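So this one's work.tsv, TSV, C-alpha atoms and all ligand atoms:
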chain	number	residue	atom	x	y	z
A	13	MET	CA	9.57	-1.46	18.26
A	14	LYS	CA	12.73	0.53	18.99
A	15	GLU	CA	14.99	-2.42	19.74
A	16	LYS	CA	14.04	-4.01	16.40
A	17	ILE	CA	15.10	-1.20	14.10
A	18	GLU	CA	17.49	-2.31	11.39
A	19	SER	CA	19.06	-0.67	8.42
A	20	LEU	CA	17.92	-1.81	5.01
A	21	TRP	CA	18.70	-5.41	4.15
A	22	ALA	CA	20.50	-6.05	7.41
A	23	LYS	CA	21.46	-9.68	7.89
A	24	ASN	CA	19.46	-10.32	11.08
A	25	LYS	CA	16.30	-9.03	9.56
A	26	GLY	CA	14.52	-6.69	11.97
A	27	HIS	CA	12.32	-3.82	10.90
A	28	VAL	CA	13.38	-1.00	8.63
A	29	LEU	CA	12.46	2.44	9.80
A	30	ILE	CA	12.91	5.35	7.47
A	31	ALA	CA	12.10	8.74	8.96
A	32	GLY	CA	12.68	12.36	8.14
A	33	PRO	CA	11.02	15.39	6.66
A	34	CYS	CA	8.75	15.35	3.63
A	35	SER	CA	11.16	17.86	2.04
A	36	ALA	CA	14.63	19.15	2.71
A	37	GLU	CA	13.94	22.86	3.31
A	38	THR	CA	17.07	24.36	4.85
A	39	GLU	CA	20.34	22.83	5.97
A	40	GLU	CA	19.42	23.62	9.60
A	41	GLN	CA	15.98	22.01	9.36
A	42	LEU	CA	17.48	18.91	7.75
A	43	MET	CA	20.27	18.67	10.32
A	44	ALA	CA	17.78	19.07	13.21
A	45	SER	CA	15.54	16.33	11.77
A	46	VAL	CA	18.38	13.90	11.19
A	47	LYS	CA	19.96	14.48	14.62
A	48	ALA	CA	16.62	13.79	16.30
A	49	ILE	CA	15.83	10.62	14.38
A	50	ALA	CA	19.37	9.24	14.70
A	51	ALA	CA	18.98	9.65	18.47
A	52	GLU	CA	16.04	7.22	18.22
A	53	GLY	CA	18.22	4.57	16.63
A	54	ILE	CA	16.95	5.14	13.11
A	55	LYS	CA	19.49	4.17	10.48
A	56	VAL	CA	17.88	5.55	7.32
A	57	ALA	CA	16.76	9.17	6.92
A	58	ARG	CA	14.36	10.37	4.25
A	59	ALA	CA	14.07	13.80	2.66
A	60	GLY	CA	12.44	14.95	-0.55
A	61	VAL	CA	14.89	16.85	-2.74
A	62	TRP	CA	12.65	17.17	-5.82
A	63	LYS	CA	8.94	17.33	-4.99
A	64	PRO	CA	6.28	16.24	-7.47
A	65	ARG	CA	3.57	18.78	-6.65
A	66	THR	CA	0.02	18.72	-7.94
A	67	ARG	CA	-0.09	22.45	-8.76
A	68	PRO	CA	2.66	24.69	-10.19
A	69	ASN	CA	3.94	27.66	-8.20
A	70	THR	CA	4.19	25.61	-5.03
A	71	PHE	CA	7.46	24.52	-3.40
A	72	GLU	CA	9.03	22.01	-5.76
A	73	GLY	CA	12.07	21.06	-3.72
A	74	ILE	CA	15.54	22.52	-3.21
A	75	GLY	CA	17.29	20.29	-5.75
A	76	VAL	CA	21.09	19.99	-5.94
A	77	PRO	CA	21.95	22.22	-2.91
A	78	ALA	CA	19.96	19.77	-0.73
A	79	LEU	CA	22.15	16.92	-2.01
A	80	GLU	CA	25.16	18.88	-0.81
A	81	TRP	CA	23.53	19.40	2.63
A	82	ILE	CA	23.01	15.64	2.81
A	83	GLN	CA	26.68	15.03	2.06
A	84	ASN	CA	27.69	17.48	4.81
A	85	ILE	CA	25.30	15.92	7.34
A	86	LYS	CA	26.58	12.42	6.59
A	87	LYS	CA	30.08	13.59	7.51
A	88	GLU	CA	28.78	14.39	11.01
A	89	ILE	CA	26.10	11.76	11.60
A	90	ASP	CA	26.31	8.06	10.85
A	91	ILE	CA	23.10	7.59	8.88
A	92	GLN	CA	22.00	6.48	5.44
A	93	PHE	CA	19.87	8.74	3.25
A	94	ALA	CA	16.90	7.87	1.05
A	95	ILE	CA	15.52	10.32	-1.50
A	96	GLU	CA	12.89	10.25	-4.25
A	97	VAL	CA	13.98	10.18	-7.88
A	98	ALA	CA	11.58	10.91	-10.72
A	99	THR	CA	13.86	11.20	-13.75
A	100	ALA	CA	17.09	9.68	-15.07
A	101	GLN	CA	18.81	12.99	-14.32
A	102	HIS	CA	17.73	12.75	-10.66
A	103	VAL	CA	19.30	9.29	-10.53
A	104	GLU	CA	22.60	10.57	-11.93
A	105	LEU	CA	22.71	13.50	-9.50
A	106	ALA	CA	21.75	11.31	-6.52
A	107	LEU	CA	24.48	8.79	-7.32
A	108	LYS	CA	27.02	11.57	-7.84
A	109	HIS	CA	26.21	12.80	-4.31
A	110	ASP	CA	26.48	9.33	-2.72
A	111	ILE	CA	22.83	8.96	-1.76
A	112	ASP	CA	22.39	5.49	-0.24
A	113	VAL	CA	18.81	4.55	-1.13
A	114	LEU	CA	16.48	5.80	-3.88
A	115	TRP	CA	12.73	5.55	-4.06
A	116	ILE	CA	10.42	5.93	-7.01
A	117	GLY	CA	7.37	8.01	-6.08
A	118	ALA	CA	3.74	7.11	-6.65
A	119	ARG	CA	3.34	9.63	-9.48
A	120	THR	CA	6.32	8.10	-11.27
A	121	THR	CA	5.43	4.41	-10.84
A	122	VAL	CA	2.34	5.05	-12.99
A	123	ASN	CA	4.48	5.89	-16.03
A	124	PRO	CA	6.29	2.94	-17.64
A	125	PHE	CA	8.37	5.24	-19.90
A	126	THR	CA	9.78	7.13	-16.92
A	127	VAL	CA	10.32	3.96	-14.90
A	128	GLN	CA	12.23	2.50	-17.86
A	129	GLU	CA	14.39	5.63	-18.13
A	130	ILE	CA	15.17	5.38	-14.41
A	131	ALA	CA	15.92	1.66	-14.81
A	132	ASP	CA	18.34	2.43	-17.66
A	133	ALA	CA	20.07	5.08	-15.55
A	134	LEU	CA	20.53	2.47	-12.80
A	135	LYS	CA	22.43	-0.04	-14.94
A	136	GLY	CA	25.63	-1.14	-13.20
A	137	VAL	CA	24.54	0.26	-9.83
A	138	ASP	CA	23.54	-1.85	-6.85
A	139	ILE	CA	21.96	0.31	-4.23
A	140	PRO	CA	18.55	-0.33	-2.65
A	141	ILE	CA	15.66	0.90	-4.78
A	142	LEU	CA	12.24	1.26	-3.19
A	143	ILE	CA	9.16	1.51	-5.38
A	144	LYS	CA	6.03	3.21	-4.09
A	145	ASN	CA	2.70	1.90	-5.26
A	146	PRO	CA	1.24	3.79	-8.25
A	147	ILE	CA	-1.40	6.38	-7.28
A	148	ASN	CA	-4.08	4.28	-8.97
A	149	PRO	CA	-4.95	0.84	-7.58
A	150	ASP	CA	-3.28	-1.12	-10.38
A	151	LEU	CA	-1.22	-4.04	-9.09
A	152	ALA	CA	0.11	-4.91	-12.56
A	153	LEU	CA	1.61	-1.44	-12.94
A	154	TRP	CA	3.40	-1.81	-9.60
A	155	ILE	CA	4.66	-5.28	-10.58
A	156	GLY	CA	5.78	-3.93	-13.96
A	157	ALA	CA	7.89	-1.25	-12.28
A	158	PHE	CA	9.65	-3.94	-10.20
A	159	GLU	CA	10.29	-5.98	-13.34
A	160	ARG	CA	11.77	-3.00	-15.17
A	161	ILE	CA	14.10	-2.08	-12.29
A	162	ALA	CA	15.06	-5.73	-11.65
A	163	ASN	CA	15.83	-6.20	-15.37
A	164	SER	CA	18.51	-3.54	-15.10
A	165	GLY	CA	20.38	-5.62	-12.51
A	166	ILE	CA	19.14	-4.09	-9.23
A	167	THR	CA	18.89	-6.80	-6.56
A	168	LYS	CA	18.01	-4.80	-3.43
A	169	LEU	CA	14.39	-4.00	-4.11
A	170	GLY	CA	11.76	-2.87	-1.64
A	171	ALA	CA	8.11	-1.80	-1.88
A	172	ILE	CA	6.50	1.19	-0.19
A	173	HIS	CA	2.75	1.10	0.36
A	174	ARG	CA	1.53	4.72	0.41
A	175	GLY	CA	-2.13	4.18	-0.45
A	176	PHE	CA	-4.23	4.98	-3.52
A	177	SER	CA	-6.10	8.02	-4.83
A	178	SER	CA	-9.82	7.51	-4.75
A	179	HIS	CA	-12.96	9.36	-5.73
A	180	ARG	CA	-14.55	7.99	-2.56
A	181	LYS	CA	-14.52	10.26	0.46
A	182	THR	CA	-12.73	8.44	3.27
A	183	LYS	CA	-10.82	9.50	6.36
A	184	TYR	CA	-7.58	8.76	4.51
A	185	ARG	CA	-5.63	11.01	2.17
A	186	ASN	CA	-4.89	7.89	0.12
A	187	GLU	CA	-7.03	4.82	0.67
A	188	PRO	CA	-4.87	1.94	1.92
A	189	LEU	CA	-6.61	-0.90	-0.01
A	190	TRP	CA	-4.51	-3.35	2.01
A	191	HIS	CA	-5.27	-6.28	-0.31
A	192	ILE	CA	-3.12	-4.74	-3.08
A	193	PRO	CA	0.20	-4.70	-1.14
A	194	ILE	CA	-0.72	-8.15	0.19
A	195	ASP	CA	-1.12	-9.35	-3.42
A	196	LEU	CA	2.25	-7.81	-4.27
A	197	LYS	CA	3.76	-9.68	-1.33
A	198	ARG	CA	2.27	-12.90	-2.71
A	199	THR	CA	3.83	-12.17	-6.10
A	200	PHE	CA	7.25	-11.22	-4.69
A	201	PRO	CA	7.51	-12.83	-1.22
A	202	ASP	CA	11.15	-11.77	-0.82
A	203	ILE	CA	10.65	-8.07	-1.44
A	204	PRO	CA	10.35	-6.18	1.86
A	205	MET	CA	7.13	-4.21	2.27
A	206	ILE	CA	7.38	-0.82	3.94
A	207	GLY	CA	4.27	1.04	5.06
A	208	ASP	CA	4.04	4.81	4.57
A	209	PRO	CA	1.41	5.83	7.14
A	210	SER	CA	2.13	9.54	6.53
A	211	HIS	CA	0.91	9.55	2.93
A	212	ILE	CA	-1.88	7.04	3.58
A	213	GLY	CA	-3.21	9.02	6.55
A	214	GLY	CA	-2.58	12.59	5.52
A	215	THR	CA	-3.11	13.70	9.12
A	216	ARG	CA	-1.00	13.19	12.23
A	217	ASP	CA	-3.68	11.48	14.27
A	218	LEU	CA	-3.91	8.52	11.87
A	219	ILE	CA	-0.19	7.66	11.87
A	220	GLU	CA	-0.25	5.35	14.89
A	221	SER	CA	-3.21	3.20	13.87
A	222	ILE	CA	-2.03	2.82	10.27
A	223	SER	CA	1.50	1.95	11.43
A	224	GLN	CA	0.18	-0.68	13.84
A	225	LYS	CA	-2.05	-2.17	11.18
A	226	ALA	CA	0.96	-2.44	8.83
A	227	LEU	CA	2.97	-4.20	11.54
A	228	ASP	CA	0.03	-6.49	12.27
A	229	LEU	CA	0.10	-7.45	8.59
A	230	ASN	CA	3.76	-8.39	8.93
A	231	TYR	CA	5.19	-5.42	7.06
A	232	ASP	CA	8.97	-5.24	7.11
A	233	GLY	CA	9.15	-1.59	8.00
A	234	LEU	CA	7.71	1.90	8.02
A	235	MET	CA	8.53	5.23	6.42
A	236	ILE	CA	7.35	8.12	8.57
A	237	GLU	CA	7.56	11.86	7.90
A	238	VAL	CA	9.17	13.68	10.82
A	239	HIS	CA	9.81	17.42	10.97
A	240	PRO	CA	11.23	19.55	13.81
A	241	ASP	CA	8.32	22.01	13.44
A	242	PRO	CA	5.59	20.21	11.41
A	243	ASP	CA	3.10	23.09	11.30
A	244	LYS	CA	5.67	25.23	9.51
A	245	ALA	CA	6.67	22.52	7.01
A	246	TRP	CA	6.85	23.65	3.37
A	247	SER	CA	5.04	20.49	2.19
A	248	ASP	CA	2.69	17.97	3.81
A	249	ALA	CA	2.48	19.98	7.06
A	250	LYS	CA	-0.63	18.19	8.36
A	251	GLN	CA	0.84	14.73	8.32
A	252	GLN	CA	4.35	15.27	9.66
A	253	ILE	CA	5.09	14.52	13.31
A	254	THR	CA	7.62	15.93	15.74
A	255	PRO	CA	10.66	13.90	16.84
A	256	ALA	CA	9.07	13.73	20.32
A	257	ARG	CA	5.95	12.11	18.87
A	258	LEU	CA	8.12	9.68	16.89
A	259	LYS	CA	9.80	8.65	20.14
A	260	GLU	CA	6.38	7.94	21.74
A	261	LEU	CA	5.26	6.07	18.66
A	262	LEU	CA	8.28	3.76	18.74
A	263	GLU	CA	7.43	2.95	22.33
A	264	VAL	CA	3.79	2.04	21.67
A	265	LEU	CA	4.02	0.25	18.33
A	266	GLN	CA	3.95	-3.51	18.77
A	267	ILE	CA	5.80	-5.95	16.57
A	268	ARG	CA	3.88	-9.23	16.33
A	269	SER	CA	5.85	-12.34	15.62
A	270	ALA	CA	5.22	-13.86	12.19
A	271	THR	CA	4.68	-17.31	13.70
A	272	SER	CA	4.83	-18.94	17.10
A	273	ASP	CA	6.45	-22.21	18.08
A	274	ASN	CA	4.21	-22.59	21.11
A	275	VAL	CA	2.63	-26.06	20.69
A	276	LEU	CA	-0.72	-25.09	22.21
A	277	PHE	CA	-0.97	-22.05	19.96
A	278	ILE	CA	-0.16	-24.14	16.88
A	279	SER	CA	-2.73	-26.86	17.65
A	280	LYS	CA	-5.47	-24.33	18.45
A	281	LEU	CA	-4.70	-22.45	15.22
A	282	GLU	CA	-4.88	-25.71	13.30
A	283	GLN	CA	-8.30	-26.49	14.79
A	284	LEU	CA	-9.60	-23.06	13.87
A	285	ARG	CA	-8.19	-23.33	10.34
A	286	ASN	CA	-9.96	-26.68	9.92
A	287	LYS	CA	-13.20	-24.95	10.88
A	288	ILE	CA	-12.50	-22.23	8.30
A	289	ASP	CA	-11.92	-24.91	5.65
A	290	GLU	CA	-15.27	-26.54	6.49
A	291	SER	CA	-17.01	-23.21	6.47
A	292	ASP	CA	-15.53	-22.37	3.06
A	293	HIS	CA	-16.73	-25.71	1.65
A	294	GLU	CA	-20.24	-24.86	2.82
A	295	LEU	CA	-19.97	-21.37	1.37
A	296	ILE	CA	-18.95	-22.72	-2.04
A	297	ASP	CA	-21.81	-25.27	-1.98
A	298	VAL	CA	-24.28	-22.49	-1.23
A	299	ILE	CA	-22.90	-20.38	-4.09
A	300	ARG	CA	-23.15	-23.41	-6.41
A	301	ASN	CA	-26.81	-23.95	-5.40
A	302	ARG	CA	-27.57	-20.29	-5.94
A	303	MET	CA	-25.96	-20.40	-9.38
A	304	ASP	CA	-28.10	-23.45	-10.31
A	305	ILE	CA	-31.20	-21.37	-9.58
A	306	VAL	CA	-29.76	-18.42	-11.55
A	307	GLU	CA	-29.32	-20.75	-14.54
A	308	GLU	CA	-32.87	-22.03	-14.21
A	309	ILE	CA	-34.16	-18.46	-14.15
A	310	GLY	CA	-31.97	-17.71	-17.18
A	311	LEU	CA	-33.66	-20.48	-19.18
A	312	TYR	CA	-37.08	-19.33	-18.04
A	313	LYS	CA	-36.35	-15.73	-19.09
A	314	LYS	CA	-35.13	-16.97	-22.48
A	315	GLU	CA	-38.28	-19.05	-23.03
A	316	ASN	CA	-40.42	-16.03	-22.22
A	317	ASN	CA	-38.21	-13.57	-24.11
A	318	VAL	CA	-37.61	-11.47	-21.00
A	319	ALA	CA	-34.55	-9.22	-20.53
A	320	ILE	CA	-31.78	-10.52	-18.27
A	321	LEU	CA	-31.20	-7.41	-16.21
A	322	GLN	CA	-34.19	-6.58	-14.03
A	323	LEU	CA	-33.09	-3.34	-12.39
A	324	ASP	CA	-35.84	-3.19	-9.73
A	325	ARG	CA	-35.06	-6.69	-8.53
A	326	TRP	CA	-31.32	-5.97	-8.48
A	327	ASN	CA	-31.84	-2.77	-6.47
A	328	GLU	CA	-33.99	-4.65	-4.02
A	329	ILE	CA	-31.40	-7.45	-3.65
A	330	ILE	CA	-28.48	-5.17	-2.99
A	331	LYS	CA	-30.43	-3.12	-0.44
A	332	SER	CA	-31.98	-6.02	1.42
A	333	ARG	CA	-28.81	-8.13	1.53
A	334	GLY	CA	-26.84	-5.19	2.91
A	335	MET	CA	-29.50	-4.87	5.63
A	336	TRP	CA	-29.60	-8.60	6.35
A	337	GLY	CA	-25.82	-8.49	6.78
A	338	LYS	CA	-26.07	-5.56	9.14
A	339	GLU	CA	-28.60	-7.43	11.28
A	340	VAL	CA	-25.98	-10.10	11.96
A	341	ASN	CA	-23.18	-7.61	12.50
A	342	LEU	CA	-21.59	-7.74	9.06
A	343	ASN	CA	-20.50	-4.54	7.33
A	344	SER	CA	-23.25	-3.77	4.79
A	345	GLU	CA	-20.75	-2.36	2.26
A	346	PHE	CA	-18.82	-5.62	2.41
A	347	ILE	CA	-21.99	-7.64	1.78
A	348	GLU	CA	-22.97	-5.32	-1.07
A	349	ASP	CA	-19.53	-5.77	-2.65
A	350	ILE	CA	-19.94	-9.56	-2.49
A	351	TYR	CA	-23.36	-9.30	-4.13
A	352	LYS	CA	-21.98	-7.09	-6.90
A	353	LEU	CA	-19.55	-9.91	-7.77
A	354	ILE	CA	-22.26	-12.58	-7.54
A	355	HIS	CA	-24.61	-10.50	-9.67
A	356	ALA	CA	-21.97	-9.88	-12.35
A	357	GLU	CA	-21.34	-13.64	-12.59
A	358	SER	CA	-25.11	-14.34	-12.70
A	359	ILE	CA	-25.57	-11.87	-15.57
A	360	LYS	CA	-22.68	-13.54	-17.41
A	361	LYS	CA	-24.25	-16.98	-16.96
A	362	GLN	CA	-27.70	-15.83	-18.08
A	363	THR	CA	-26.23	-14.00	-21.09
A	364	THR	CA	-24.59	-17.26	-22.19
A	365	ILE	CA	-27.92	-19.04	-21.81
A	366	SER	CA	-29.82	-16.34	-23.63
A	367	ASN	CA	-27.36	-16.51	-26.54
A	368	GLY	CA	-28.12	-20.19	-26.80
A	369	HIS	CA	-24.72	-21.48	-25.69
A	370	LYS	CA	-24.44	-24.58	-23.65
A	371	LEU	CA	-23.99	-23.98	-19.93
A	372	SER	CA	-20.67	-25.76	-19.87
A	373	GLU	CA	-19.11	-23.35	-22.43
B	401	LIG	C1	6.81	11.75	-0.45
B	401	LIG	O1	7.23	10.67	-0.01
B	401	LIG	O2	7.02	12.85	0.10
B	401	LIG	C2	5.92	11.71	-1.65
B	401	LIG	C3	5.86	12.70	-2.51
B	401	LIG	O3	5.19	10.61	-1.66
B	401	LIG	P1	4.20	9.96	-2.76
B	401	LIG	O4	5.04	9.62	-3.95
B	401	LIG	O5	3.74	8.75	-2.01
B	401	LIG	O6	3.10	10.93	-3.03
B	402	MN	MN	5.34	14.05	1.73
Mind turning this structure into structure tokens?
Ligand code: PEP
Ligand code: MN
Amino acid sequence: MKEKIESLWAKNKGHVLIAGPCSAETEEQLMASVKAIAAEGIKVARAGVWKPRTRPNTFEGIGVPALEWIQNIKKEIDIQFAIEVATAQHVELALKHDIDVLWIGARTTVNPFTVQEIADALKGVDIPILIKNPINPDLALWIGAFERIANSGITKLGAIHRGFSSHRKTKYRNEPLWHIPIDLKRTFPDIPMIGDPSHIGGTRDLIESISQKALDLNYDGLMIEVHPDPDKAWSDAKQQITPARLKELLEVLQIRSATSDNVLFISKLEQLRNKIDESDHELIDVIRNRMDIVEEIGLYKKENNVAILQLDRWNEIIKSRGMWGKEVNLNSEFIEDIYKLIHAESIKKQTTISNGHKLSE
């Protein structure tokens, strides 16, 4: 993807690549990181200056001296800098030190009061503001943060998808839940979406596959943590990569074109989409038929004064359907999720019947 790297909001829209250490640690470490990434054609560097850490008494960022390092580095290297801001005071200090791009971190996006304070501090400014998804999978909260920042007059907005905290044990540090950034993209089609494979993955070995997946989903860019000596990093050591690895990554990552004007491709795609449309009609008919039976059972239960929720039957359904799916090569968790939705709707229907309402209500 190297030849496609662009700076933020460049006119001939390529892909934005933001790279650099999780945290600015020393002036030397920051300079080494920035030199290495600039050599790869990257036009925007990242570095955490204030770090929102889960536990106290861990490294919480260098603060103002790091802003001065950034100013010194920018005198030597032609690169833009992006940093995280979490308070109105951070915004003021960042602007005072000519930082080019600000991002709102995941732990800040969750708090509308703080986002509003940041928005107020941004009045009259027009630099790019990137908003990371909130740590919890709440699309409305993410949208709300965009609305607050946009209301203060910011026009260069971007989204960073860094994944979501989850109680489920997965291979990710933060579960990607790709449908949420896709929904955000549907809400705001013009806002560039940047993937943050470092914070989604949490380990170095996942960076490539997550980055490729983001590009396959037409993301507009990536933010990747790069450190000259990742194992010795003061924060997020496991997920940072060396500049040499970044170079390899840029060689292997593939940018897919959003569309193709090849006539054969277009007609084949159209044929396949027609098949999908037919298949979806059938699917909806089947669901309708199933719901008719659910309603009939609902009436029958009501007549016989039997409770709606039959736990044994429900347990049997979810187990057997997951297995049936597996037999035809469908992910059993996916099938179970579908059945949870169908079951919830069935219970709703039968509750209406049991309460004596008309089915059409
Ligand atoms: C970071 O980018 O270093 C960071 C703290 O990220 P997040 O807000 O996604 O946790
Ligand atoms: Mn980090």
Which is closest to Glu348 (chain A) among A:Gln362, A:Ile299, A:Ile330, A:Ile161, if we use all atoms listed in the file? A:Ile330
Neighbour list for Ile166 (chain A) as JSON, numbers by chain, cut-off 10 Å, only C-alpha atoms, skip fewer than 3 positions in-chain: {"A": [131, 134, 135, 136, 137, 138, 139, 140, 141, 158, 159, 160, 161, 162, 163, 169]}
C-alpha atoms of the current selection, written as an mmCIF file, in the frame of the given file:
data_model
loop_
_atom_site.group_PDB
_atom_site.id
_atom_site.type_symbol
_atom_site.label_atom_id
_atom_site.label_comp_id
_atom_site.auth_asym_id
_atom_site.auth_seq_id
_atom_site.Cartn_x
_atom_site.Cartn_y
_atom_site.Cartn_z
ATOM 1 C CA ALA A 131 15.920 1.660 -14.810
ATOM 2 C CA LEU A 134 20.530 2.470 -12.800
ATOM 3 C CA LYS A 135 22.430 -0.040 -14.940
ATOM 4 C CA GLY A 136 25.630 -1.140 -13.200
ATOM 5 C CA VAL A 137 24.540 0.260 -9.830
ATOM 6 C CA ASP A 138 23.540 -1.850 -6.850
ATOM 7 C CA ILE A 139 21.960 0.310 -4.230
ATOM 8 C CA PRO A 140 18.550 -0.330 -2.650
ATOM 9 C CA ILE A 141 15.660 0.900 -4.780
ATOM 10 C CA PHE A 158 9.650 -3.940 -10.200
ATOM 11 C CA GLU A 159 10.290 -5.980 -13.340
ATOM 12 C CA ARG A 160 11.770 -3.000 -15.170
ATOM 13 C CA ILE A 161 14.100 -2.080 -12.290
ATOM 14 C CA ALA A 162 15.060 -5.730 -11.650
ATOM 15 C CA ASN A 163 15.830 -6.200 -15.370
ATOM 16 C CA LEU A 169 14.390 -4.000 -4.110
#
Env of Glu345 (chain A): 12 Å cut, atoms = all atoms listed in the file, seq-sep filter 3 positions within chain, self excluded. Answer as a PyMOL selection string. chain A and resi 330-338+341-342+348-352
With distances taken over all atoms listed in the file, which residue among A:Ile212, A:Ile206, A:Leu189, A:Ala133 lies nearest ligand LIG 401 (chain B)?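 Closest candidate: A:Ile212.
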When you count all atoms listed in the file, which of these residues is closest to ligand MN 402 (chain B): A:Ala245, A:Val76, A:Leu42, A:Ile147?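 Using all atoms listed in the file, ligand MN 402 (chain B) sits closest to A:Ala245.
For the set A:Thr126, A:Gln224, A:Asn84, A:Ser35, the residue with the smallest atom-to-atom gap to ligand LIG 401 (chain B) is A:Ser35, counting only C-alpha atoms and all ligand atoms.
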Near-region 55-66 of chain A list (8 Å; all atoms listed in the file; drop same-chain fewer than 5 positions) as a PDB file with C-alpha atoms, keeping the file's coordinate frame:
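Result file follows (out09.pdb):
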ATOM      1  CA  ILE A  17      15.100  -1.200  14.100  1.00  0.00           C
ATOM      2  CA  GLU A  18      17.490  -2.310  11.390  1.00  0.00           C
ATOM      3  CA  SER A  19      19.060  -0.670   8.420  1.00  0.00           C
ATOM      4  CA  LEU A  20      17.920  -1.810   5.010  1.00  0.00           C
ATOM      5  CA  LEU A  29      12.460   2.440   9.800  1.00  0.00           C
ATOM      6  CA  ILE A  30      12.910   5.350   7.470  1.00  0.00           C
ATOM      7  CA  ALA A  31      12.100   8.740   8.960  1.00  0.00           C
ATOM      8  CA  GLY A  32      12.680  12.360   8.140  1.00  0.00           C
ATOM      9  CA  PRO A  33      11.020  15.390   6.660  1.00  0.00           C
ATOM     10  CA  CYS A  34       8.750  15.350   3.630  1.00  0.00           C
ATOM     11  CA  SER A  35      11.160  17.860   2.040  1.00  0.00           C
ATOM     12  CA  ALA A  36      14.630  19.150   2.710  1.00  0.00           C
ATOM     13  CA  LEU A  42      17.480  18.910   7.750  1.00  0.00           C
ATOM     14  CA  VAL A  46      18.380  13.900  11.190  1.00  0.00           C
ATOM     15  CA  ILE A  49      15.830  10.620  14.380  1.00  0.00           C
ATOM     16  CA  ALA A  50      19.370   9.240  14.700  1.00  0.00           C
ATOM     17  CA  PHE A  71       7.460  24.520  -3.400  1.00  0.00           C
ATOM     18  CA  GLU A  72       9.030  22.010  -5.760  1.00  0.00           C
ATOM     19  CA  GLY A  73      12.070  21.060  -3.720  1.00  0.00           C
ATOM     20  CA  ILE A  74      15.540  22.520  -3.210  1.00  0.00           C
ATOM     21  CA  GLY A  75      17.290  20.290  -5.750  1.00  0.00           C
ATOM     22  CA  VAL A  76      21.090  19.990  -5.940  1.00  0.00           C
ATOM     23  CA  ALA A  78      19.960  19.770  -0.730  1.00  0.00           C
ATOM     24  CA  LEU A  79      22.150  16.920  -2.010  1.00  0.00           C
ATOM     25  CA  ASP A  90      26.310   8.060  10.850  1.00  0.00           C
ATOM     26  CA  ILE A  91      23.100   7.590   8.880  1.00  0.00           C
ATOM     27  CA  GLN A  92      22.000   6.480   5.440  1.00  0.00           C
ATOM     28  CA  PHE A  93      19.870   8.740   3.250  1.00  0.00           C
ATOM     29  CA  ALA A  94      16.900   7.870   1.050  1.00  0.00           C
ATOM     30  CA  ILE A  95      15.520  10.320  -1.500  1.00  0.00           C
ATOM     31  CA  GLU A  96      12.890  10.250  -4.250  1.00  0.00           C
ATOM     32  CA  VAL A  97      13.980  10.180  -7.880  1.00  0.00           C
ATOM     33  CA  ARG A 119       3.340   9.630  -9.480  1.00  0.00           C
ATOM     34  CA  GLU A 237       7.560  11.860   7.900  1.00  0.00           C
TER      35      GLU A 237
END
Report, in Å to a single decimal, how far apart atom O4 of ligand LIG 401 (chain B) and CA of Leu142 (chain A) are.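 Atom-to-atom, CA of Leu142 (chain A) to atom O4 of ligand LIG 401 (chain B), that is 11.1 Å.
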Quick one, how far is CA of Val340 (chain A) from CA of Gln283 (chain A)? 24.3 Å
Quick one: pull the distance between CA of Thr167 (chain A) and CA of Thr199 (chain A), Å, one decimal.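 Going from CA of Thr167 (chain A) over to CA of Thr199 (chain A), I get 16.0 Å.
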Tell me, as a count of residues only, which residues lie within 9 Å of His173 (chain A), counting all atoms listed in the file; anything in the same chain fewer than 2 positions away does not count. 16
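Ranking A:Asn148, A:Gln83, A:Ser247, A:Ser178 by their shortest atom-to-atom distance to ligand MN 402 (chain B), with all atoms listed in the file included, puts A:Ser247 first.
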If you count only C-alpha atoms, the residue of A:Ile85, A:Glu263, A:Phe277, A:Asp132 closest to Ile111 (chain A) turns out to be A:Ile85
Long-range neighbours of Gln266 (chain A) as a PyMOL selection string, 9 Å cut-off, only C-alpha atoms, 4 positions minimum in chain: chain A and resi 13+224+227-228+262
